[in-house]
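Student: Would you mind keeping the following structure in view while I ask a few things?
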Amino acid sequence: MKKKSCITILLLFFFTTLPLFILQCSEKDTNHTSTVVAEIGEETITTEDLDRAIGAIPAPYRYEYTSEQAVHDLLQNMIDWKLMAKEAIKLGLDNKPGTKARLETMKGKPASQVDQLLASAYINMKQKELLETLETDMRNYYDTHQEEFIIPDRVKIERVIYKTEKNAKAAREAMKQTMSFEEFMEANPTFRRKVNTLWLGKSGKDSVMENVAFNLSEGEVSDVFETKAGYCLLRVAEKAPSTMRSFSEVQAGIKARLEVQQQKELLDNIKQDLRKNVAITINQPVLKAYLSKGEVEKTSPH
């Protein structure tokens, strides 16, 4: 997967945790302290900001934000979005050529849209840092989890099933150890049955077929044994000892696994790190009053 696609995956994941289309956080205004629902350092989020955020969500999805828990989660997401945008400016990401050009086109647009652009730039930067170590992380994972990449002992078997024990035993007596089942069926039409060829690996389960197969030598034919399908004969065509998958064989799977894991950890770490250095206060009475007054539009999509 290319770096660009990895960044896109992270952003998609991020947007699912912040399902907002416009997040408008106001500067602190002493004339509207009664509506302040959260303080983030010297900035605030008001009940009006919550209204705008919820109102920007398409109607079919807006109904999901009518519960107290949903609004609380929304508020926490708005705080994280504002913090990331502020950090992007501190790091000068707003002056990067691509970001700066996009900001120029956003003059006069709501501050929330600017925050959204800057926060995305911040996440992209962090993701690129993560990708720089991904190849090393993949190799380390392979070296420390080799038990996951072991291919157990396997046997390639030929299997034929008869409806009656008598026919199965008659076929077994007529067989030569050197002949494959296909060759035997071709030479003995009387005993002709469908031959299934498959690989069996050691599963650790007490399987009758597995136990019979792994106790035969290569080219050896089993005695007749009964299964749910009928009376069975096996012939071991080939034996393959346990092997380890090479790094090149499994690196794509390791990469996909680590990307999901690291992207989740990255987002969590970003939130935790940025919140450490700022005082955040939630005005619970205002939030409670906001919910109790029915200020959240409860429009069902149905």
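Chain labels run A, B, ... following the order of the structure tokens; each chain numbers its residues from 1, and ligands are numbered from 1 in the order shown.
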Residues of range 71-109 of chain A within 12 Å of range 33-50 of chain A: nearest atom pair and distance (Å, one decimal) for each, counting only C-alpha atoms, sorted by chain and number, as a tab-separated table?
Tutor:
residue	atom	partner	partner_atom	distance
A:Val71	CA	A:Leu50	CA	8.2
A:His72	CA	A:Leu50	CA	10.1
A:Asp73	CA	A:Leu50	CA	11.4
A:Leu74	CA	A:Leu50	CA	8.2
A:Leu75	CA	A:Leu50	CA	7.4
A:Gln76	CA	A:Ala38	CA	9.3
A:Asn77	CA	A:Leu50	CA	11.1
A:Met78	CA	A:Ile45	CA	8.2
A:Ile79	CA	A:Ile40	CA	7.2
A:Asp80	CA	A:Ile40	CA	9.8
A:Trp81	CA	A:Ile40	CA	11.3
A:Lys82	CA	A:Ile40	CA	8.7
A:Leu83	CA	A:Ile40	CA	8.3
A:Lys86	CA	A:Glu43	CA	10.7
Student: Please produce a file of those selected residues containing all heavy atoms, as a CSV table (one decimal), in the first residue's frame.
Tutor:
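New file part.csv:
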chain,number,residue,atom,x,y,z
A,71,VAL,N,-24.2,13.8,22.4
A,71,VAL,CA,-23.8,15.3,22.4
A,71,VAL,C,-22.5,15.4,23.2
A,71,VAL,O,-21.6,16.2,22.8
A,71,VAL,CB,-24.9,16.1,23.0
A,71,VAL,CG1,-24.4,17.6,23.2
A,71,VAL,CG2,-26.1,16.1,22.1
A,72,HIS,N,-22.3,14.7,24.3
A,72,HIS,CA,-21.1,14.7,25.1
A,72,HIS,C,-19.9,14.3,24.2
A,72,HIS,O,-18.8,14.9,24.2
A,72,HIS,CB,-21.2,13.8,26.3
A,72,HIS,CG,-20.0,13.8,27.1
A,72,HIS,ND1,-19.0,12.9,26.9
A,72,HIS,CD2,-19.6,14.6,28.1
A,72,HIS,CE1,-18.0,13.1,27.8
A,72,HIS,NE2,-18.3,14.1,28.5
A,73,ASP,N,-20.1,13.2,23.4
A,73,ASP,CA,-19.0,12.7,22.6
A,73,ASP,C,-18.7,13.7,21.5
A,73,ASP,O,-17.5,13.9,21.1
A,73,ASP,CB,-19.4,11.4,21.9
A,73,ASP,CG,-19.5,10.2,22.9
A,73,ASP,OD1,-19.0,10.4,24.0
A,73,ASP,OD2,-20.1,9.2,22.6
A,74,LEU,N,-19.7,14.4,21.0
A,74,LEU,CA,-19.6,15.4,19.9
A,74,LEU,C,-18.7,16.6,20.5
A,74,LEU,O,-17.8,17.1,19.8
A,74,LEU,CB,-20.9,15.9,19.5
A,74,LEU,CG,-20.9,17.1,18.5
A,74,LEU,CD1,-20.2,16.7,17.2
A,74,LEU,CD2,-22.4,17.5,18.2
A,75,LEU,N,-19.0,17.0,21.7
A,75,LEU,CA,-18.3,18.1,22.3
A,75,LEU,C,-16.8,17.7,22.5
A,75,LEU,O,-15.9,18.5,22.2
A,75,LEU,CB,-18.9,18.4,23.7
A,75,LEU,CG,-18.3,19.5,24.5
A,75,LEU,CD1,-18.3,20.8,23.7
A,75,LEU,CD2,-19.0,19.7,25.8
A,76,GLN,N,-16.6,16.5,22.9
A,76,GLN,CA,-15.2,16.0,23.1
A,76,GLN,C,-14.4,16.0,21.8
A,76,GLN,O,-13.3,16.4,21.7
A,76,GLN,CB,-15.1,14.6,23.7
A,76,GLN,CG,-15.7,14.5,25.1
A,76,GLN,CD,-14.8,15.4,26.1
A,76,GLN,OE1,-13.6,15.5,26.0
A,76,GLN,NE2,-15.5,15.9,27.1
A,77,ASN,N,-15.1,15.6,20.7
A,77,ASN,CA,-14.5,15.7,19.4
A,77,ASN,C,-14.2,17.1,18.9
A,77,ASN,O,-13.2,17.3,18.3
A,77,ASN,CB,-15.4,15.0,18.4
A,77,ASN,CG,-15.5,13.5,18.6
A,77,ASN,OD1,-14.6,12.9,19.1
A,77,ASN,ND2,-16.6,12.8,18.2
A,78,MET,N,-15.1,18.0,19.2
A,78,MET,CA,-14.9,19.4,18.8
A,78,MET,C,-13.7,20.0,19.6
A,78,MET,O,-12.9,20.8,19.0
A,78,MET,CB,-16.1,20.2,19.2
A,78,MET,CG,-17.3,19.9,18.3
A,78,MET,SD,-18.9,20.7,18.9
A,78,MET,CE,-18.5,22.4,18.4
A,79,ILE,N,-13.5,19.6,20.8
A,79,ILE,CA,-12.3,20.0,21.5
A,79,ILE,C,-11.0,19.5,20.9
A,79,ILE,O,-10.1,20.2,20.7
A,79,ILE,CB,-12.4,19.5,23.0
A,79,ILE,CG1,-13.5,20.3,23.7
A,79,ILE,CG2,-11.1,19.7,23.7
A,79,ILE,CD1,-13.9,19.7,25.1
A,80,ASP,N,-11.0,18.2,20.5
A,80,ASP,CA,-9.8,17.6,19.9
A,80,ASP,C,-9.5,18.3,18.6
A,80,ASP,O,-8.4,18.5,18.2
A,80,ASP,CB,-10.0,16.1,19.7
A,80,ASP,CG,-10.0,15.3,21.0
A,80,ASP,OD1,-9.3,15.7,21.9
A,80,ASP,OD2,-10.8,14.4,21.1
A,81,TRP,N,-10.6,18.6,17.8
A,81,TRP,CA,-10.4,19.2,16.5
A,81,TRP,C,-9.7,20.6,16.6
A,81,TRP,O,-8.8,20.9,15.9
A,81,TRP,CB,-11.7,19.3,15.8
A,81,TRP,CG,-11.7,19.7,14.4
A,81,TRP,CD1,-11.9,20.9,13.9
A,81,TRP,CD2,-11.5,18.8,13.3
A,81,TRP,NE1,-11.8,20.9,12.5
A,81,TRP,CE2,-11.5,19.6,12.1
A,81,TRP,CE3,-11.2,17.4,13.2
A,81,TRP,CZ2,-11.4,19.0,10.9
A,81,TRP,CZ3,-11.1,16.9,12.0
A,81,TRP,CH2,-11.1,17.7,10.8
A,82,LYS,N,-10.2,21.4,17.6
A,82,LYS,CA,-9.7,22.7,17.8
A,82,LYS,C,-8.2,22.6,18.3
A,82,LYS,O,-7.4,23.4,17.8
A,82,LYS,CB,-10.5,23.4,18.9
A,82,LYS,CG,-10.0,24.8,19.4
A,82,LYS,CD,-9.9,25.8,18.2
A,82,LYS,CE,-11.2,26.3,17.8
A,82,LYS,NZ,-11.1,27.4,16.8
A,83,LEU,N,-7.9,21.7,19.2
A,83,LEU,CA,-6.5,21.5,19.7
A,83,LEU,C,-5.5,21.1,18.5
A,83,LEU,O,-4.4,21.7,18.5
A,83,LEU,CB,-6.5,20.5,20.8
A,83,LEU,CG,-7.1,20.9,22.1
A,83,LEU,CD1,-7.1,19.6,23.0
A,83,LEU,CD2,-6.3,22.0,22.7
A,86,LYS,N,-4.9,24.2,16.3
A,86,LYS,CA,-4.0,25.1,17.0
A,86,LYS,C,-2.5,24.6,16.9
A,86,LYS,O,-1.6,25.4,16.7
A,86,LYS,CB,-4.4,25.3,18.4
A,86,LYS,CG,-3.7,26.4,19.2
A,86,LYS,CD,-4.3,26.6,20.5
A,86,LYS,CE,-3.6,27.7,21.3
A,86,LYS,NZ,-4.2,27.9,22.6
Student: With only C-alpha atoms as the counted atoms, please give the residues lying no more than 10 Å from Ser217 in chain A, apart from itself and same-chain residues fewer than 2 positions off, as a list in words.
Tutor: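 Contacts, with the query itself left out: Val155, Ala213, Phe214, Asn215, Gly219, Glu220, Val221, Ser222, Arg235, Val236, Ala237, Glu238 and Lys239 of chain A.
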Student: In range 213-254 of chain A, what's strand (DSSP E) per DSSP? Answer as a list in words?
Tutor: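 Answer for range 213-254 of chain A, restricted to strand (DSSP E): Phe225, Glu226, Thr227, Gly230, Tyr231, Cys232, Leu233, Leu234, Arg235, Val236, Ala237, Glu238, Lys239, Ala240, Thr243 and Met244 of chain A.
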Student: Would you list the contacts of Lys255 in chain A as a PyMOL selection string, taking every protein, DNA or RNA residue within 12 Å and counting only C-alpha atoms, but skipping same-chain residues closer than 6 positions in sequence?
Tutor: chain A and resi 1-3+6+131+133-142+247-249+261-263
Student: Which residues, written as a VMD selection string, have at least one atom at most 9 Å from Val160 in chain A, with only C-alpha atoms counted and residues fewer than 6 positions away on the same chain left out?
Tutor: chain A and resid 168 181 193 to 196 231 to 235
Student: Using DSSP on the backbone coordinates, identify the residues of range 107-238 of chain A assigned to alpha helix (DSSP H); present them as a ChimeraX atom specification.
Tutor: /A:111-132,134-144,165-174,181-187,208-214
Student: So, with only C-alpha atoms as the atoms that count, which of A:Lys293, A:Lys271, A:Lys264, A:Arg245 lies closest to Leu130 in chain A?
Tutor: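 Closest candidate: A:Lys264.
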